[in-house]
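Visitor: Take a look at this one; I'll ask things after.
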Amino acid sequence: MKRFLALLATCATILGLTALFSPQAVAAAGCKVDYTVASQWQGGFQAGVKITNLGEPVSAWTLKFTMPDAGQKLVQGWNATWSQSGSTVTTAGLDWNRALATGASADVGFTGSFTGTNPKPTAFTLNGVACTGSVGEEPPPVPSTGTPVEINGQVHVCGVNLCNQYNRPIQLRGMSTHGIQWFSACYNNASMDALAKDWKADLLRVAMYVQESGYETDPAGFTSRVNSIVDMAEARGMYALIDFHTLTPGDPNYNLARAKTFFASVAARNANKKNVIYEIANEPNGVSWSAIKSYAEQVIPVIRAADPDAVVIVGTRGWSSLGVSDGSGESEVVNSPVNAANIMYAFHFYAASHKDNYRAALSRAATQLPMFVTEFGTVSATGGGAMDRASTTAWLDLLDQLKIGYANWTFSDAPESSAALQPGTCAGNDYSSSGVLTESGTLLKSRISTADNFPTH
Ligand code: IDC
């Protein structure tokens with residue numbers, strides 16, 4: 001037995017494991033916790049916990065905190081292991097976020113339930129040391145230099161996130177075109193410069209309608225228009241999301257043959273680019289999840305044959321509401337996911353129409369499925385009506401917290417409140433002055449142009 005233990009100790013030393021068992025290696029001298037309730041609904045909530053190590057570097061961290069109200073229960077967490085015992089919640093880092101240098105942070109989060117009130121947790125400790133650091137002690141983030149595509153390279157799906165070339169989760173924030181059959185005048189060098197440089201957008205979604213005078217009327221012409229917008233985005237280091245904008249009819253299988261032809265062509269042509277993501281069906285509606293899944297399982301292999309490493313995004317039931325707008329929900333996707341790797345699922349919302357129950361569904365889904373908000377509006381689902389600032393802010397805070405990418409409908413001068421540009425803008429050459437922005441455009445530009453958090457190691 002003694003010999004066995006000695007052998008074990010020797011092996012541990014050889015493997016460098018002693019550091020893991022040594023208390024100095026994991027003791028933190030100080031820490032700060034930013035706890036944010038990103039969303040709260042009847043009986044439930046979703047919270048983000050940002051842990052910043054203000055002490056010596058740690059090779060592994062465990063955070064504990066107290067839920068003050070007996071009715072508060074942890075439901076599910078992410079980016080860490082999570083458990084609850086009595087009122088104490090314990091969470092510990094995973095392989096990729098376990099080590100924290102001085103000043104480094106880990107972003108984790110959880111959904112919870114509550115019965116009474118939902119007070120903020122107390123008594124945060126990191127490796128047993130109280131987290132008394134306050135806001136303001138955090139060193140300012142070091143900005144990464146380069147365009148979004150230069151920094152992140154070819155993206156891929158990792159767990160429930162989109163990851164960059166360093167295998168770190170990122171959030172891409174940007175705008176959607178309007179239908180390119182109507183608003184092609186809005187996509188030119190001047191507008192793309194404004195989007196990349198002033199808006200600092202990471203992403204442009206290229207909305208190619210299939211019906212309504214779209215692709216079906218001129219497949220070759222629309223394919224080449226999409227490609228030229230992809231090139232304009234690439235030249236400015238932005239990702240391009242190629243959106244096969246099916247809408248009416250709602251069954252994507254109606255356009256299956258067109259989708260195969262279109263994606264075979266754009267995937268072959270853009271296979272060597274790092275900036276392309278494919279969205280195969282905008283908003284399935286009036287159709288079951290199994291029909292959408294069957295469509296996806298026929299279109300994805302066509303893309304993979306030409307462009308094997310690109311991320312593909314699949315629309316969901318009920319206008320890409322994960323089924324919520326059809327009285328269903330995310331469990332139909334969780335229970336029967338598309339049989340393909342490196343894919344994400346689309347979620348769309350219009351802030352004035354879709355509120356807490358939609359936020360709750362997305363929060364739940366995001367713990368199990370890779371989600372991307374490929375389209376959303378700040379207004380009602382008609383694309384018009386008043387902008388709902390409070391709901392839009394709640395949504396964008398939630399997406400930021402969950403690192404879910406998004407594209408806003410629309411970067412266009414359409415005469416409707418969802419458009420970011422004032423009517424008539426695309427007839428001129430000025431896309432930069434504040435006078436060209438609508439109320440929605442002003443809000444979106446202020447959100448999108450904030451510094452990105454693209455980890456490079
Ligand atoms: C709307 C446009 C509007 C156009 C209409 C029909 O804003 O100008 O007349 O489509 O093509 C969606 C769709 C998107 C809609 C948008 C607003 O994906 O095509 O655009 N919306 O209604 N889903 C929910 C809302």
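The chains in the structure tokens are called A, B, ... from first to last as shown; in each chain the residues are counted from 1, and the ligands are counted from 1 in the order shown.
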Hey, which bits of segment 273-378 of chain A sit within 10 Å of segment 200-218 of chain A, and for each residue what's the closest pair of atoms and how far apart in Å (one decimal), counting only C-alpha atoms, rows by chain and increasing number, as a tab-separated table?

Guide:
```
residue	atom	partner	partner_atom	distance
A:Asn275	CA	A:Leu203	CA	8.9
A:Val276	CA	A:Leu203	CA	9.7
A:Ile277	CA	A:Arg205	CA	9.1
A:Tyr278	CA	A:Arg205	CA	9.6
A:Glu279	CA	A:Arg205	CA	9.1
A:Ala281	CA	A:Val210	CA	9.9
A:Asn282	CA	A:Ala207	CA	8.6
A:Thr374	CA	A:Arg205	CA	7.5
A:Glu375	CA	A:Arg205	CA	8.5
```

Visitor: Please identify every polymer residue within 6 Å of ligand 1, using only C-alpha atoms and all ligand atoms, and present the set as a list in words.

Guide: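 Protein and nucleic-acid residues within 6 Å of ligand 1: Ala381, Thr382 and Gly383 of chain A.
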
Visitor: Create the file for the chosen residues now, containing N, CA, C and O atoms and written as a tab-separated table (two decimals), in the first residue's frame.

Guide:
```tsv
chain	number	residue	atom	x	y	z
A	381	ALA	N	-44.22	43.14	-34.70
A	381	ALA	CA	-43.92	42.09	-35.69
A	381	ALA	C	-44.33	42.48	-37.11
A	381	ALA	O	-43.93	41.82	-38.07
A	382	THR	N	-45.08	43.55	-37.26
A	382	THR	CA	-45.40	44.02	-38.62
A	382	THR	C	-44.21	44.73	-39.25
A	382	THR	O	-44.22	45.05	-40.43
A	383	GLY	N	-43.21	45.04	-38.43
A	383	GLY	CA	-42.08	45.85	-38.92
A	383	GLY	C	-42.34	47.34	-38.72
A	383	GLY	O	-41.50	48.18	-39.03
```

Visitor: Using only C-alpha atoms, find the one residue out of A:Asn189, A:Thr438, A:Asn339, A:Asn164 that sits nearest to Ala233 of chain A.

Guide: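 Looking only at the distances to Ala233 of chain A, the closest residue turns out to be A:Asn189.
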
Visitor: Near Val129 of chain A, counting only C-alpha atoms, which residues have an atom at most 12 Å away, once you skip same-chain residues fewer than 4 positions from it, shown as a list of chain:residue names?

Guide: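 Non-adjacent residues within range: A:Val26, A:Ala27, A:Ala28, A:Ala29, A:Gly30, A:Cys31, A:Lys32, A:Asn53, A:Leu54, A:Gly55, A:Glu56, A:Trp61, A:Thr62, A:Leu63, A:Lys64, A:Phe65, A:Ala123, A:Phe124, A:Thr125, A:Gly133.
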
Visitor: Just how far from atom CA of Pro252 of chain A is atom CA of Leu398 of chain A, in Å to one decimal?

Guide: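 Taking atom CA of Leu398 of chain A and atom CA of Pro252 of chain A, their separation equals 29.2 Å.
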
Visitor: Between atom CA of Ala47 of chain A and atom CA of Thr392 of chain A, what distance in Å does the model show, to one decimal?

Guide: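 Atom CA of Thr392 of chain A lies at a distance of 17.8 Å from atom CA of Ala47 of chain A.
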